[in-house]
Structures are given as C-alpha cells and as structure tokens.
Amino acid sequence: MSALEELITKAKALQAEGHTPGQVSDELGLSMETVTWLLTQQKGMEAPKDVHIDWTAIGSHGTLLSDMAMMMLKRFLYLPEAESAYPPGEIPDTVVGIALSGIPLATLIAAEEGLKLAVYLPAKHSRSETPTGSLSGTFSTISGQRCIIIDDVVTTGTTLTEVVQFLRRHGATPMAVWSLFNKQGVREIDGVPVHSLFAISRLG
C-alpha cells in the first residue's frame with residue numbers, strides 16, 4: 001500500500017468512526033482541502049499539494065510529548081537567543097490549547113509555568129449548520145487575559161486567525177502563537193507573531 005493509499009484509508013476510517021472532516025484534518029495534520037479530496041476522490045481533480053506530518057510516535061508517549069513541550073519553552077522563552085515570544089515585561093496569564101492536538105502541549109506548558117489553561121474548540125469541529133468556534137467551559141475563561149496560543153501544526157492559518165479574532169472579541173490579548181510544525185511559513189496572524197520549532201518547505 002502506497003503512502004497516499006494509506007492516508008485515504010486512514011481518512012475514511014476516521015470518518016466512519018464519526019469524525020467530522022475538520023477533526024480528520026486535525027488528526028492527520030492536513031488541510032481541509034486535502035481531506036475533502038481524500039474522502040471524495042473526485043474524478044479529474046488533482047490531489048492538493050500538501051505535506052502529511054505524522055508525529056504519532058511522540059504524541060502517543062507522555063514523556064516524549066513533555067519533552068516537546070519543554071523544547072517549545074526553551075526555544076521561545078528560556079534560551080538567551082530565544083525569539084521574542086512576546087513583548088518584554090509582558091507576562092502571559094493563560095495558555096490556550098487548540099483542540100485537539102494543541103491541548104496536551106498547552107497543558108504541559110501551563111503546568112510548567114504556573115499559568116491558567118483554556119481550551120479552544122475550532123469551528124471546523126462543530127456539527128451545527130452554522131459552525132462557530134468556542135471555549136470549553138471546563139477550563140479557564142479568557143476575558144482580560146494575556147494569552148499564548150498553542151497548536152501542533154500550522155497548516156493554512158485559518159484556525160489560528162479564528163482563534164486570534166475570538167480572543168480579541170472576548171476581551172483577551174493574544175501575545176503569540178507557538179507550534180511544533182509550520183507548513184506555510186506563516187510568521188504572524190493578524191499582527192500576532194507565530195513561532196514554530198520546525199518549518200516545512202516544499203521544493204519545486
């Protein structure tokens with residue numbers, strides 16, 4: 001079975017289990033356009049140019065996942081040569097994890113730094129006729145909070161734009177986005193800096 005056939009099988013299996021296309025997109029680290037193509041295989045439609053990132057070997061192991069979260073902290077905060085993760089003198093209050101894969105990373109970072117934890121549920125996960133994003137009521141509120149946003153993969157930037165706008169509408173200040181992988185070379189979202197451990201580039 002080729003890598004592409006494997007992805008098609010995985011996408012269809014997730015859909016059969018009840019995942020929305022948005023959830024399949026998150027699970028496989030692919031754009032919605034690519035997931036739609038994998039699920040429908042429309043004749044004459046070329047496969048979108050995308051990159052599949054499979055970090056299951058790390059995400060499925062608690063210790064390794066913690067190591068990745070600590071790498072993010074070291075790269076963006078602790079090291080003397082770390083990028084300016086947010087304006088000097090401004091300390092974040094809350095870490096916002098984007099469901100699903102941003103949540104464990106955000107939890108580990110919040111615990112290490114003694115910060116509050118909020119969880120954002122993107123619109124693409126909604127099953128309503130008019131999908132909207134929302135905060136989970138089980139975790140921290142965000143009004144008046146300075147927030148670091150955490151996700152695993154920056155694919156198109158659509159979800160991050162949604163989160164940044166949501167935070168601002170609800171009285172929060174998004175200070176920075178931290179991710180593991182950046183597939184589009186996105187450096188900022190609506191004026192909010194984006195910092196990623198790994199940049200993925202397509203040649204040609």
# chains A, B, ... in the order shown; residues from 1 in each chain; ligands from 1

call {"tool": "residues_around", "arguments": {"residues": "A:Thr155", "least_positions_apart": "2", "cutoff": "12 Å", "atoms": "only C-alpha atoms", "output": "ChimeraX atom specification"}}
result
/A:25-26,28-34,49-53,151-153,157-161,179-186,196,199-201

call {"tool": "atom_distance", "arguments": {"atom1": "atom CA of A:Ile150", "atom2": "atom CA of A:Ser60"}}
result
17.9 Å

call {"tool": "atom_distance", "arguments": {"atom1": "atom CA of A:Gln15", "atom2": "atom CA of A:Leu39"}}
result
8.3 Å

call {"tool": "select_by_dssp", "arguments": {"residues": "stretch 78-183 of chain A", "states": "strand (DSSP E)", "output": "number ranges by chain"}}
result
A: 94-98, 116-121, 134-135, 146-154, 173-182

call {"tool": "write_last_selection", "arguments": {"atoms": "N, CA and C atoms", "output": "JSON list (two decimals), in the first residue's frame"}}
result
[["chain", "number", "residue", "atom", "x", "y", "z"],
["A", 94, "THR", "N", -2.46, 33.13, 30.55],
["A", 94, "THR", "CA", -3.19, 31.94, 30.15],
["A", 94, "THR", "C", -2.60, 31.31, 28.90],
["A", 95, "VAL", "N", -2.56, 29.99, 28.89],
["A", 95, "VAL", "CA", -2.15, 29.24, 27.70],
["A", 95, "VAL", "C", -3.43, 28.68, 27.08],
["A", 96, "VAL", "N", -3.63, 28.95, 25.79],
["A", 96, "VAL", "CA", -4.83, 28.48, 25.09],
["A", 96, "VAL", "C", -4.45, 27.33, 24.16],
["A", 97, "GLY", "N", -4.92, 26.14, 24.47],
["A", 97, "GLY", "CA", -4.66, 24.98, 23.63],
["A", 97, "GLY", "C", -5.77, 24.80, 22.61],
["A", 98, "ILE", "N", -5.39, 24.64, 21.34],
["A", 98, "ILE", "CA", -6.39, 24.43, 20.29],
["A", 98, "ILE", "C", -6.67, 22.93, 20.17],
["A", 116, "LYS", "N", -2.71, 29.72, 33.75],
["A", 116, "LYS", "CA", -4.05, 29.17, 33.56],
["A", 116, "LYS", "C", -4.10, 28.45, 32.21],
["A", 117, "LEU", "N", -5.08, 27.55, 32.09],
["A", 117, "LEU", "CA", -5.25, 26.78, 30.85],
["A", 117, "LEU", "C", -6.66, 26.99, 30.30],
["A", 118, "ALA", "N", -6.72, 27.41, 29.04],
["A", 118, "ALA", "CA", -8.00, 27.50, 28.33],
["A", 118, "ALA", "C", -7.95, 26.56, 27.13],
["A", 119, "VAL", "N", -9.10, 26.07, 26.71],
["A", 119, "VAL", "CA", -9.17, 25.16, 25.57],
["A", 119, "VAL", "C", -10.13, 25.73, 24.54],
["A", 120, "TYR", "N", -9.64, 25.86, 23.30],
["A", 120, "TYR", "CA", -10.45, 26.39, 22.21],
["A", 120, "TYR", "C", -10.89, 25.27, 21.28],
["A", 121, "LEU", "N", -12.19, 25.26, 20.98],
["A", 121, "LEU", "CA", -12.78, 24.26, 20.08],
["A", 121, "LEU", "C", -13.07, 24.95, 18.75],
["A", 134, "SER", "N", -15.56, 27.96, 19.90],
["A", 134, "SER", "CA", -15.96, 28.28, 21.27],
["A", 134, "SER", "C", -14.89, 27.83, 22.25],
["A", 135, "LEU", "N", -15.00, 28.34, 23.48],
["A", 135, "LEU", "CA", -14.12, 27.90, 24.56],
["A", 135, "LEU", "C", -14.81, 26.79, 25.34],
["A", 146, "ARG", "N", -3.85, 37.79, 29.11],
["A", 146, "ARG", "CA", -2.82, 37.80, 28.06],
["A", 146, "ARG", "C", -2.53, 36.35, 27.73],
["A", 147, "CYS", "N", -2.67, 35.99, 26.46],
["A", 147, "CYS", "CA", -2.69, 34.57, 26.09],
["A", 147, "CYS", "C", -1.59, 34.16, 25.10],
["A", 148, "ILE", "N", -1.04, 32.97, 25.34],
["A", 148, "ILE", "CA", -0.20, 32.28, 24.37],
["A", 148, "ILE", "C", -1.07, 31.18, 23.76],
["A", 149, "ILE", "N", -1.11, 31.11, 22.44],
["A", 149, "ILE", "CA", -1.92, 30.12, 21.74],
["A", 149, "ILE", "C", -1.01, 28.96, 21.31],
["A", 150, "ILE", "N", -1.44, 27.73, 21.57],
["A", 150, "ILE", "CA", -0.64, 26.54, 21.26],
["A", 150, "ILE", "C", -1.37, 25.62, 20.30],
["A", 151, "ASP", "N", -0.67, 25.23, 19.22],
["A", 151, "ASP", "CA", -1.21, 24.22, 18.30],
["A", 151, "ASP", "C", -0.06, 23.33, 17.86],
["A", 152, "ASP", "N", -0.39, 22.20, 17.27],
["A", 152, "ASP", "CA", 0.69, 21.31, 16.83],
["A", 152, "ASP", "C", 1.20, 21.68, 15.45],
["A", 153, "VAL", "N", 0.28, 21.90, 14.50],
["A", 153, "VAL", "CA", 0.69, 22.17, 13.11],
["A", 153, "VAL", "C", 0.00, 23.42, 12.58],
["A", 154, "VAL", "N", 0.77, 24.33, 11.99],
["A", 154, "VAL", "CA", 0.19, 25.46, 11.26],
["A", 154, "VAL", "C", 0.03, 24.99, 9.82],
["A", 173, "THR", "N", -5.98, 39.32, 25.17],
["A", 173, "THR", "CA", -4.89, 39.81, 24.33],
["A", 173, "THR", "C", -4.04, 38.63, 23.87],
["A", 174, "PRO", "N", -4.13, 38.25, 22.60],
["A", 174, "PRO", "CA", -3.25, 37.18, 22.09],
["A", 174, "PRO", "C", -1.84, 37.73, 21.92],
["A", 175, "MET", "N", -0.87, 37.10, 22.60],
["A", 175, "MET", "CA", 0.50, 37.61, 22.59],
["A", 175, "MET", "C", 1.39, 36.90, 21.58],
["A", 176, "ALA", "N", 1.15, 35.61, 21.38],
["A", 176, "ALA", "CA", 1.97, 34.83, 20.45],
["A", 176, "ALA", "C", 1.31, 33.49, 20.17],
["A", 177, "VAL", "N", 1.69, 32.90, 19.04],
["A", 177, "VAL", "CA", 1.29, 31.53, 18.70],
["A", 177, "VAL", "C", 2.54, 30.67, 18.72],
["A", 178, "TRP", "N", 2.48, 29.54, 19.41],
["A", 178, "TRP", "CA", 3.59, 28.58, 19.40],
["A", 178, "TRP", "C", 3.08, 27.29, 18.76],
["A", 179, "SER", "N", 3.88, 26.72, 17.86],
["A", 179, "SER", "CA", 3.51, 25.44, 17.26],
["A", 179, "SER", "C", 4.74, 24.57, 17.09],
["A", 180, "LEU", "N", 4.50, 23.29, 16.84],
["A", 180, "LEU", "CA", 5.61, 22.38, 16.56],
["A", 180, "LEU", "C", 6.05, 22.53, 15.11],
["A", 181, "PHE", "N", 5.08, 22.47, 14.19],
["A", 181, "PHE", "CA", 5.40, 22.46, 12.76],
["A", 181, "PHE", "C", 4.66, 23.59, 12.04],
["A", 182, "ASN", "N", 5.35, 24.21, 11.08],
["A", 182, "ASN", "CA", 4.76, 25.28, 10.29],
["A", 182, "ASN", "C", 4.89, 24.90, 8.81]]

call {"tool": "select_by_dssp", "arguments": {"residues": "stretch 6-202 of chain A", "states": "alpha helix (DSSP H)", "output": "VMD selection string"}}
result
chain A and resid 6 to 16 21 to 28 32 to 40 56 to 59 62 to 73 102 to 113 158 to 169

call {"tool": "closest_residue", "arguments": {"among": "A:Asp190, A:Glu113, A:Asp54, A:Asp93", "to": "A:Arg168", "atoms": "only C-alpha atoms"}}
result
A:Asp190

call {"tool": "closest_residue", "arguments": {"among": "A:Asp67, A:Ile103, A:Thr36, A:Glu162", "to": "A:Pro131", "atoms": "only C-alpha atoms"}}
result
A:Glu162

call {"tool": "atom_distance", "arguments": {"atom1": "atom CA of A:Gly62", "atom2": "atom CA of A:Phe139"}}
result
21.1 Å

call {"tool": "closest_residue", "arguments": {"among": "A:Thr63, A:Ser140, A:Thr132, A:Ser2", "to": "A:Phe166", "atoms": "only C-alpha atoms"}}
result
A:Thr132

call {"tool": "closest_residue", "arguments": {"among": "A:Glu6, A:Glu112, A:Glu90, A:Glu46", "to": "A:Met72", "atoms": "only C-alpha atoms"}}
result
A:Glu112
